[in-house]
>>> print(open('entry_3.csv').read())   # CSV, C-alpha atoms and all ligand atoms
chain,number,residue,atom,x,y,z
P,1,MET,CA,117.0,136.6,119.3
P,2,SER,CA,114.0,135.0,121.1
P,3,ILE,CA,111.0,133.7,119.2
P,4,GLN,CA,108.9,136.5,120.7
P,5,GLU,CA,111.3,139.2,119.4
P,6,ARG,CA,111.4,137.5,116.0
P,7,ILE,CA,107.5,137.6,115.9
P,8,GLN,CA,107.5,141.3,116.8
P,9,ASP,CA,110.1,142.1,114.1
P,10,LEU,CA,108.2,140.3,111.4
P,11,LYS,CA,104.9,141.9,112.5
P,12,ARG,CA,106.4,145.4,112.0
P,13,GLU,CA,108.1,144.4,108.8
P,14,LYS,CA,104.9,143.0,107.3
P,15,ASN,CA,102.5,145.5,108.8
P,16,ALA,CA,100.6,142.6,110.5
P,17,VAL,CA,98.4,142.5,113.5
P,18,ILE,CA,97.9,139.4,115.8
P,19,LEU,CA,94.5,138.6,117.2
P,20,ALA,CA,94.1,135.9,119.8
P,21,HIS,CA,91.0,134.4,121.5
P,22,ASN,CA,90.9,134.2,125.3
P,23,TYR,CA,91.3,130.4,125.1
P,24,GLN,CA,94.7,130.5,123.3
P,25,LEU,CA,97.9,129.3,125.0
P,26,PRO,CA,99.4,131.8,127.4
P,27,GLU,CA,102.4,132.5,125.2
P,28,ILE,CA,100.1,133.2,122.2
P,29,GLN,CA,98.0,135.6,124.3
P,30,ASP,CA,101.2,137.4,125.6
P,31,VAL,CA,102.5,138.1,122.1
P,32,ALA,CA,99.2,139.1,120.6
P,33,ASP,CA,98.1,142.7,119.9
P,34,TYR,CA,94.6,142.0,120.9
P,35,VAL,CA,93.1,139.2,123.0
P,36,GLY,CA,89.3,138.9,123.3
P,37,ASP,CA,86.1,137.1,123.0
P,38,SER,CA,84.4,136.4,119.6
P,39,LEU,CA,82.5,139.7,119.5
P,40,GLU,CA,85.5,141.9,120.5
P,41,LEU,CA,87.8,140.2,118.0
P,42,SER,CA,85.2,140.5,115.2
P,43,LYS,CA,84.9,144.3,115.9
P,44,ILE,CA,88.7,144.6,115.9
P,45,ALA,CA,89.0,142.6,112.7
P,46,ALA,CA,86.5,145.0,111.0
P,47,ARG,CA,88.5,148.1,111.9
P,48,VAL,CA,92.2,147.3,112.0
P,49,GLU,CA,94.4,149.1,109.6
P,50,GLU,CA,97.2,146.6,109.1
P,51,GLY,CA,97.0,144.7,105.8
P,52,LEU,CA,97.8,141.3,107.3
P,53,ILE,CA,95.6,139.7,110.1
P,54,VAL,CA,97.1,136.7,111.9
P,55,PHE,CA,94.2,135.0,113.7
P,56,CYS,CA,95.0,132.7,116.5
P,57,GLY,CA,91.8,130.9,117.4
P,58,VAL,CA,89.7,128.5,115.3
P,59,ARG,CA,88.7,128.6,111.7
P,60,PHE,CA,85.2,130.2,112.0
P,61,MET,CA,86.9,133.2,113.8
P,62,ALA,CA,89.4,133.7,111.0
P,63,GLU,CA,86.7,133.4,108.4
P,64,THR,CA,84.6,136.0,110.2
P,65,ALA,CA,87.6,138.3,110.1
P,66,LYS,CA,87.9,137.7,106.3
P,67,ILE,CA,84.2,138.3,105.8
P,68,LEU,CA,84.5,141.7,107.6
P,69,SER,CA,87.8,142.7,106.1
P,70,PRO,CA,87.9,141.2,102.6
P,71,GLY,CA,90.7,143.5,101.4
P,72,LYS,CA,93.1,142.2,104.0
P,73,LYS,CA,95.0,139.0,104.0
P,74,VAL,CA,93.9,136.7,106.9
P,75,ILE,CA,96.1,133.8,107.9
P,76,ALA,CA,95.5,131.1,110.5
P,77,PRO,CA,98.7,129.7,111.9
P,78,GLU,CA,97.0,126.3,112.3
P,79,TYR,CA,94.6,125.7,109.5
P,80,ALA,CA,93.4,122.4,111.1
P,81,ALA,CA,92.1,124.3,114.2
P,82,ILE,CA,88.4,124.0,113.7
P,83,CYS,CA,85.5,124.3,116.0
P,84,PRO,CA,83.7,120.9,116.2
P,85,MET,CA,80.4,122.6,117.2
P,86,ALA,CA,80.6,124.7,114.0
P,87,LYS,CA,81.0,121.5,112.0
P,88,MET,CA,77.7,120.1,113.4
P,89,ILE,CA,75.6,122.0,110.9
P,90,ASP,CA,76.0,123.2,107.3
P,91,GLY,CA,74.2,125.6,104.9
P,92,GLU,CA,72.1,122.8,103.3
P,93,THR,CA,70.7,121.8,106.7
P,94,VAL,CA,69.6,125.4,107.3
P,95,ILE,CA,67.9,125.4,103.9
P,96,ASP,CA,66.0,122.2,104.9
P,97,MET,CA,65.1,123.6,108.3
P,98,ARG,CA,63.6,126.8,106.6
P,99,GLU,CA,61.0,124.5,105.0
P,100,GLU,CA,60.0,123.2,108.5
P,101,TYR,CA,59.9,126.7,110.0
P,102,PRO,CA,59.0,129.0,107.1
P,103,ASP,CA,58.1,132.0,109.3
P,104,ALA,CA,60.8,131.8,111.9
P,105,VAL,CA,63.8,134.1,112.3
P,106,PHE,CA,67.0,132.0,112.0
P,107,VAL,CA,69.6,133.0,114.5
P,108,ALA,CA,73.1,131.5,114.3
P,109,TYR,CA,75.7,131.5,117.0
P,110,ILE,CA,79.0,133.0,115.5
P,111,ASN,CA,80.5,129.5,116.0
P,112,THR,CA,79.3,128.5,112.5
P,113,THR,CA,80.9,128.1,109.1
P,114,SER,CA,80.5,130.9,106.5
P,115,ASP,CA,78.0,128.9,104.4
P,116,VAL,CA,75.7,128.7,107.5
P,117,LYS,CA,76.1,132.4,108.2
P,118,ALA,CA,75.0,133.1,104.5
P,119,GLU,CA,71.8,131.1,105.0
P,120,VAL,CA,70.6,132.6,108.4
P,121,ASP,CA,69.0,136.0,109.2
P,122,LEU,CA,71.1,137.0,112.1
P,123,CYS,CA,74.4,136.1,113.9
P,124,VAL,CA,75.1,136.5,117.6
P,125,THR,CA,77.8,135.8,120.0
P,126,SER,CA,77.6,134.6,123.6
P,127,ALA,CA,78.1,138.3,124.6
P,128,ASN,CA,75.0,139.6,122.8
P,129,ALA,CA,72.7,136.6,122.1
P,130,VAL,CA,70.1,137.4,124.9
P,131,ARG,CA,69.9,141.1,123.9
P,132,ILE,CA,69.6,140.6,120.2
P,133,VAL,CA,67.0,137.8,120.5
P,134,SER,CA,64.9,139.8,123.0
P,135,GLU,CA,64.8,142.7,120.5
P,136,LEU,CA,63.3,140.6,117.7
P,137,PRO,CA,59.6,141.3,117.0
P,138,ALA,CA,57.4,139.6,119.7
P,139,ASP,CA,55.2,137.7,117.3
P,140,LYS,CA,58.2,136.0,115.6
P,141,GLU,CA,59.2,132.4,116.5
P,142,ILE,CA,62.9,131.8,116.4
P,143,VAL,CA,65.2,129.0,115.3
P,144,PHE,CA,68.5,129.0,117.2
P,145,LEU,CA,71.6,127.0,116.0
P,146,PRO,CA,73.8,125.2,116.4
P,147,ASP,CA,74.4,125.3,120.2
P,148,LYS,CA,71.6,123.7,122.2
P,149,ASN,CA,73.0,124.9,125.5
P,150,LEU,CA,73.3,128.5,124.5
P,151,GLY,CA,69.9,128.2,122.8
P,152,LYS,CA,68.3,127.0,126.0
P,153,TYR,CA,70.0,129.7,128.0
P,154,VAL,CA,68.7,132.4,125.6
P,155,ARG,CA,65.2,130.8,125.7
P,156,GLN,CA,65.3,130.9,129.5
P,157,GLU,CA,66.4,134.5,129.7
P,158,THR,CA,64.1,135.9,127.0
P,159,GLY,CA,61.0,133.7,127.4
P,160,ARG,CA,60.7,133.5,123.6
P,161,THR,CA,59.5,130.6,121.5
P,162,ILE,CA,62.8,129.1,120.3
P,163,HIS,CA,63.3,125.9,118.3
P,164,ILE,CA,66.8,124.7,119.1
P,165,PHE,CA,69.3,122.7,117.0
P,166,SER,CA,71.1,119.8,118.7
P,167,GLY,CA,74.7,121.0,118.4
P,168,PHE,CA,77.0,121.5,121.4
P,169,CYS,CA,80.6,122.4,122.3
P,170,PRO,CA,82.3,119.1,123.4
P,171,THR,CA,84.6,121.0,125.8
P,172,HIS,CA,81.8,122.7,127.7
P,173,ASN,CA,79.4,119.8,127.5
P,174,ARG,CA,81.9,117.6,129.4
P,175,MET,CA,81.5,119.7,132.5
P,176,LEU,CA,78.9,118.2,134.8
P,177,LYS,CA,76.9,119.5,137.7
P,178,GLU,CA,78.9,117.1,139.9
P,179,ASP,CA,82.1,119.0,138.9
P,180,ILE,CA,80.5,122.2,140.2
P,181,ILE,CA,79.3,120.6,143.4
P,182,LEU,CA,82.8,119.1,144.1
P,183,ALA,CA,84.5,122.4,143.2
P,184,ARG,CA,82.2,124.3,145.7
P,185,GLU,CA,83.1,121.8,148.4
P,186,LYS,CA,86.8,122.4,147.7
P,187,TRP,CA,86.5,126.2,147.4
P,188,PRO,CA,83.5,127.2,149.5
P,189,ASN,CA,84.1,130.9,149.3
P,190,ALA,CA,84.4,131.0,145.5
P,191,LEU,CA,81.7,132.3,143.1
P,192,VAL,CA,80.8,130.1,140.1
P,193,VAL,CA,81.1,131.8,136.8
P,194,SER,CA,80.0,129.8,133.7
P,195,HIS,CA,79.9,130.2,130.0
P,196,PRO,CA,76.5,129.8,128.4
P,197,GLU,CA,77.8,126.9,126.3
P,198,CYS,CA,77.7,124.9,129.6
P,199,ILE,CA,74.8,122.4,130.1
P,200,PRO,CA,71.7,123.8,131.9
P,201,GLU,CA,72.5,121.9,135.1
P,202,VAL,CA,75.8,123.8,135.4
P,203,ILE,CA,74.2,127.1,134.5
P,204,GLU,CA,71.6,126.5,137.2
P,205,LEU,CA,74.3,126.2,139.9
P,206,SER,CA,76.2,129.3,138.8
P,207,ASN,CA,76.4,132.8,140.3
P,208,HIS,CA,77.1,134.5,137.0
P,209,ILE,CA,76.8,133.5,133.3
P,210,ALA,CA,79.0,135.4,130.7
P,211,SER,CA,81.0,135.3,127.5
P,212,THR,CA,84.7,135.0,128.1
P,213,SER,CA,85.3,138.7,128.1
P,214,GLY,CA,82.1,139.1,130.3
P,215,MET,CA,83.9,136.9,132.8
P,216,LEU,CA,86.9,139.2,132.9
P,217,LYS,CA,84.6,142.2,133.5
P,218,PHE,CA,82.8,140.3,136.3
P,219,ALA,CA,86.0,139.2,138.0
P,220,ARG,CA,87.4,142.8,137.8
P,221,GLU,CA,84.3,144.4,139.3
P,222,SER,CA,83.3,141.8,141.8
P,223,HIS,CA,84.3,142.2,145.5
P,224,ALA,CA,84.7,138.4,145.7
P,225,LYS,CA,88.3,137.1,145.9
P,226,GLU,CA,87.8,133.6,144.6
P,227,PHE,CA,86.1,132.2,141.4
P,228,ILE,CA,85.4,128.8,139.9
P,229,ILE,CA,85.5,129.3,136.2
P,230,ALA,CA,83.4,126.9,134.2
P,231,THR,CA,84.8,127.4,130.7
P,232,GLU,CA,87.8,126.4,128.6
P,233,GLN,CA,91.0,126.5,130.8
P,234,GLY,CA,92.8,129.1,128.7
P,235,MET,CA,90.6,131.7,130.3
P,236,LEU,CA,92.4,131.4,133.6
P,237,HIS,CA,95.6,132.9,132.1
P,238,ARG,CA,94.1,136.4,131.5
P,239,LEU,CA,91.9,136.2,134.7
P,240,LYS,CA,95.0,135.6,136.8
P,241,LYS,CA,97.2,138.1,135.0
P,242,GLU,CA,94.7,140.9,135.2
P,243,ASN,CA,93.6,140.2,138.8
P,244,PRO,CA,96.7,139.4,140.8
P,245,GLY,CA,95.0,139.7,144.2
P,246,LYS,CA,92.2,137.1,143.3
P,247,LYS,CA,92.1,133.4,142.8
P,248,PHE,CA,90.7,131.4,139.9
P,249,TYR,CA,90.0,127.7,139.8
P,250,SER,CA,88.9,125.2,137.2
P,251,PRO,CA,86.1,122.8,138.1
P,252,SER,CA,87.4,120.1,135.8
P,253,ALA,CA,90.7,118.9,134.3
P,254,LEU,CA,88.9,118.0,131.1
P,255,ASN,CA,87.7,121.4,129.9
P,256,ILE,CA,90.5,121.9,127.4
P,257,CYS,CA,89.6,122.6,123.7
P,258,PRO,CA,92.2,120.6,121.7
P,259,ASN,CA,91.6,122.9,118.7
P,260,MET,CA,92.3,126.1,120.5
P,261,LYS,CA,95.5,124.5,121.7
P,262,LYS,CA,96.7,123.6,118.2
P,263,THR,CA,98.2,127.0,117.6
P,264,THR,CA,101.7,127.1,119.1
P,265,ILE,CA,104.2,130.0,119.2
P,266,ALA,CA,106.4,128.1,116.7
P,267,LYS,CA,103.4,127.8,114.3
P,268,LEU,CA,102.7,131.5,114.8
P,269,LEU,CA,106.2,132.4,113.8
P,270,HIS,CA,106.1,130.0,110.8
P,271,ALA,CA,102.8,131.6,109.7
P,272,LEU,CA,104.3,135.1,109.8
P,273,GLU,CA,107.4,134.0,107.9
P,274,THR,CA,105.6,132.1,105.2
P,275,GLU,CA,102.2,133.8,105.1
P,276,LYS,CA,100.8,130.4,104.2
P,277,SER,CA,97.4,128.9,105.3
P,278,GLU,CA,95.5,131.9,104.1
P,279,VAL,CA,91.8,131.9,104.9
P,280,ASP,CA,89.4,132.7,102.1
P,281,VAL,CA,85.7,132.9,101.8
P,282,PRO,CA,84.0,132.7,98.4
P,283,GLU,CA,82.7,136.1,97.4
P,284,ASP,CA,79.0,135.0,96.9
P,285,ILE,CA,79.0,133.5,100.4
P,286,ARG,CA,80.9,136.4,101.9
P,287,LYS,CA,78.4,139.0,100.6
P,288,ARG,CA,75.4,137.1,102.1
P,289,ALA,CA,77.2,136.3,105.4
P,290,ILE,CA,78.4,139.9,106.1
P,291,LYS,CA,74.8,141.2,106.4
P,292,THR,CA,74.1,138.8,109.3
P,293,ILE,CA,77.4,139.7,111.0
P,294,GLU,CA,77.3,143.4,110.6
P,295,TYR,CA,74.0,143.7,112.5
P,296,MET,CA,75.6,141.9,115.4
P,297,LEU,CA,78.5,144.4,115.6
P,298,VAL,CA,76.3,147.4,116.2
P,299,GLY,CA,75.6,148.2,119.8
J,301,LIG,P1,83.3,133.8,123.5
J,301,LIG,O1,84.8,134.1,123.8
J,301,LIG,O2,82.7,134.7,122.5
J,301,LIG,O3,82.6,133.7,124.8
J,301,LIG,O4,83.3,132.3,122.9
J,301,LIG,C1,83.6,131.2,123.5
J,301,LIG,C2,84.0,130.1,122.6
J,301,LIG,O5,83.7,128.9,122.8
J,301,LIG,C3,84.7,130.4,121.4
J,301,LIG,O6,85.0,129.2,120.8
J,302,LIG,FE1,84.3,125.3,119.6
J,302,LIG,FE2,84.0,124.7,122.1
J,302,LIG,FE3,86.5,124.8,121.2
J,302,LIG,FE4,85.0,127.1,121.4
J,302,LIG,S1,85.8,125.7,123.1
J,302,LIG,S2,86.2,126.4,119.7
J,302,LIG,S3,83.0,126.3,121.0
J,302,LIG,S4,84.9,123.3,120.6
>>> encode(input="entry_3.csv", output="structure tokens", more="lines below")
Ligand code: 13P
Ligand code: SF4
Amino acid sequence: MSIQERIQDLKREKNAVILAHNYQLPEIQDVADYVGDSLELSKIAARVEEGLIVFCGVRFMAETAKILSPGKKVIAPEYAAICPMAKMIDGETVIDMREEYPDAVFVAYINTTSDVKAEVDLCVTSANAVRIVSELPADKEIVFLPDKNLGKYVRQETGRTIHIFSGFCPTHNRMLKEDIILAREKWPNALVVSHPECIPEVIELSNHIASTSGMLKFARESHAKEFIIATEQGMLHRLKKENPGKKFYSPSALNICPNMKKTTIAKLLHALETEKSEVDVPEDIRKRAIKTIEYMLVG
């Protein structure tokens, strides 16, 4: 019996569902029940009926699933898979910042730990940050954390007064404008599609900016046949699989998130067999964090 068949058997036996982020290894994506961006996976985690959620991604995603589905068991096949950007700020820092900006609305990117979510007013993902921020009362100033690149993009798109924390995604931050210029020279007919975690100089050179699932939609609907994809390389698997007549290129060999790649098919099987590495969120934090996430799921 193959490892994939064993995983499917165990899933049925244990009434489990496998969720995987778009950056996961191809073999993980292929065995998952749902593959998506942070917003889609949060919505799915909130509504699935299975009692066991196996989350293939990074820790903040599994914690978000637990916050939204406290009655379910959530396991992360690789407990050490964390998001370095989420680790750049903690709840204490948010409390201190509130003293500096007492009247501001605190908006956190979903790439944050649960204690940060418990301290802010709102949570957003790359798919809805611009819309949610633009809907805030016009007289309110905003603090956006932790991603300085997404914060700058939201500020540019909304024209709002936004104080931005200095965090960043190391994987996206590594991509330079020179990478895009060289990629354009190599593939002159390709459109450049970038994730808003990219630096402003990359965003400026792009034809389209989107979350990972927004990239899938754009590629599907566009008449173009070639695309330079400025995000983590795992994205290319689904783009190629779902658009066999189109070509997708990576502008850099360095845009690989080591944490997203820590979950292997063997670890996924092991997690289903043992149900170890359960993800938990203290109830007091969960109750405060859920309010900021639930708002984000509507609309
Ligand atoms: P999205 O899939 O929500 O665009 O998030 C990208 C990301 O970096 C997740 O870690
Ligand atoms: Fe975090 Fe960046 Fe990795 Fe996403 S790609 S998990 S934002 S380090």
>>> residues_near_point(input="entry_3.csv", point="(70.6, 129.6, 118.2)", cutoff="8 Å", atoms="all atoms listed in the file", output="list in words")
Phe106, Val107, Ala108, Tyr109, Val143, Phe144, Leu145, Pro146, Asp147, Lys148, Leu150, Gly151, Ile164 and Phe165 of chain P
>>> residues_near_point(input="entry_3.csv", point="(85.6, 133.7, 146.5)", cutoff="8 Å", atoms="only C-alpha atoms", output="list in words")
Trp187, Pro188, Asn189, Ala190, Leu191, Ala224, Lys225, Glu226, Phe227 and Lys247 of chain P
>>> closest_residue(input="entry_3.csv", among="P:Glu50, P:Asp30, P:Glu141, P:Glu294", to="Val17 in chain P", atoms="only C-alpha atoms")
P:Glu50
>>> residues_around(input="entry_3.csv", residues="Val48 in chain P", least_positions_apart="5", cutoff="9 Å", atoms="all atoms listed in the file", output="list of chain:residue names")
P:Val17, P:Lys43, P:Ile53, P:Ser69
>>> write_last_selection(input="entry_3.csv", atoms="C-alpha atoms", output="short mmCIF file (atom, residue, chain, number, x, y, z; two decimals), in the frame of the given file")
data_model
loop_
_atom_site.label_atom_id
_atom_site.label_comp_id
_atom_site.auth_asym_id
_atom_site.auth_seq_id
_atom_site.Cartn_x
_atom_site.Cartn_y
_atom_site.Cartn_z
CA VAL P 17 98.40 142.50 113.50
CA LYS P 43 84.90 144.30 115.90
CA ILE P 53 95.60 139.70 110.10
CA SER P 69 87.80 142.70 106.10
#
>>> residues_around(input="entry_3.csv", residues="range 285-293 of chain P", least_positions_apart="4", cutoff="6 Å", atoms="only C-alpha atoms", output="ChimeraX atom specification")
/P:67,117-118,121-123,281
>>> residues_around(input="entry_3.csv", residues="Leu68 in chain P", least_positions_apart="4", cutoff="7 Å", atoms="all atoms listed in the file", output="list in words")
Ala45, Ala46, Thr64 and Ile290 of chain P
>>> axis_aligned_box(input="entry_3.csv", around="ligand LIG 301 (chain J)", padding_each_side="8 Å", output="JSON")
{"center_x": 83.8, "center_y": 131.8, "center_z": 122.8, "size_x": 18.4, "size_y": 21.8, "size_z": 20.0}
>>> residues_near_ligand(input="entry_3.csv", ligand="ligand LIG 301 (chain J)", cutoff="9 Å", atoms="all atoms listed in the file", output="PyMOL selection string")
chain P and resi 21-23+36-41+57-58+60-61+83+85+110-111+125-127+169+171-172+195-197+210-215+231-232+257+260
>>> atom_distance(input="entry_3.csv", atom1="CA of Ala104 in chain P", atom2="CA of Lys140 in chain P")
6.2 Å
>>> atom_distance(input="entry_3.csv", atom1="CA of Phe218 in chain P", atom2="CA of Glu178 in chain P")
23.8 Å
>>> atom_distance(input="entry_3.csv", atom1="CA of Cys198 in chain P", atom2="CA of Asn173 in chain P")
5.8 Å
>>> closest_residue(input="entry_3.csv", among="P:Pro251, P:Pro77, P:Pro282, P:Pro244", to="Asp179 in chain P", atoms="all atoms listed in the file")
P:Pro251
>>> closest_residue(input="entry_3.csv", among="P:Thr93, P:Asn128, P:Ser166, P:Thr112", to="ligand LIG 302 (chain J)", atoms="all atoms listed in the file")
P:Thr112
>>> residues_around(input="entry_3.csv", residues="Lys262 in chain P", least_positions_apart="6", cutoff="10 Å", atoms="only C-alpha atoms", output="PDB file with C-alpha atoms, in the frame of the given file")
ATOM      1  CA  GLN P  24      94.700 130.500 123.300  1.00  0.00           C
ATOM      2  CA  LEU P  25      97.900 129.300 125.000  1.00  0.00           C
ATOM      3  CA  CYS P  56      95.000 132.700 116.500  1.00  0.00           C
ATOM      4  CA  GLY P  57      91.800 130.900 117.400  1.00  0.00           C
ATOM      5  CA  VAL P  58      89.700 128.500 115.300  1.00  0.00           C
ATOM      6  CA  PRO P  77      98.700 129.700 111.900  1.00  0.00           C
ATOM      7  CA  GLU P  78      97.000 126.300 112.300  1.00  0.00           C
ATOM      8  CA  TYR P  79      94.600 125.700 109.500  1.00  0.00           C
ATOM      9  CA  ALA P  80      93.400 122.400 111.100  1.00  0.00           C
ATOM     10  CA  ALA P  81      92.100 124.300 114.200  1.00  0.00           C
ATOM     11  CA  ILE P  82      88.400 124.000 113.700  1.00  0.00           C
TER      12      ILE P  82
END
>>> closest_residue(input="entry_3.csv", among="P:Ala230, P:Ala138, P:Val74, P:Ile132", to="ligand LIG 302 (chain J)", atoms="all atoms listed in the file")
P:Ala230
>>> closest_residue(input="entry_3.csv", among="P:Phe55, P:Phe168, P:Phe248, P:Tyr295", to="ligand LIG 302 (chain J)", atoms="all atoms listed in the file")
P:Phe168
>>> closest_residue(input="entry_3.csv", among="P:Ile203, P:Leu19, P:Ile265, P:Met88", to="ligand LIG 302 (chain J)", atoms="only C-alpha atoms and all ligand atoms")
P:Met88
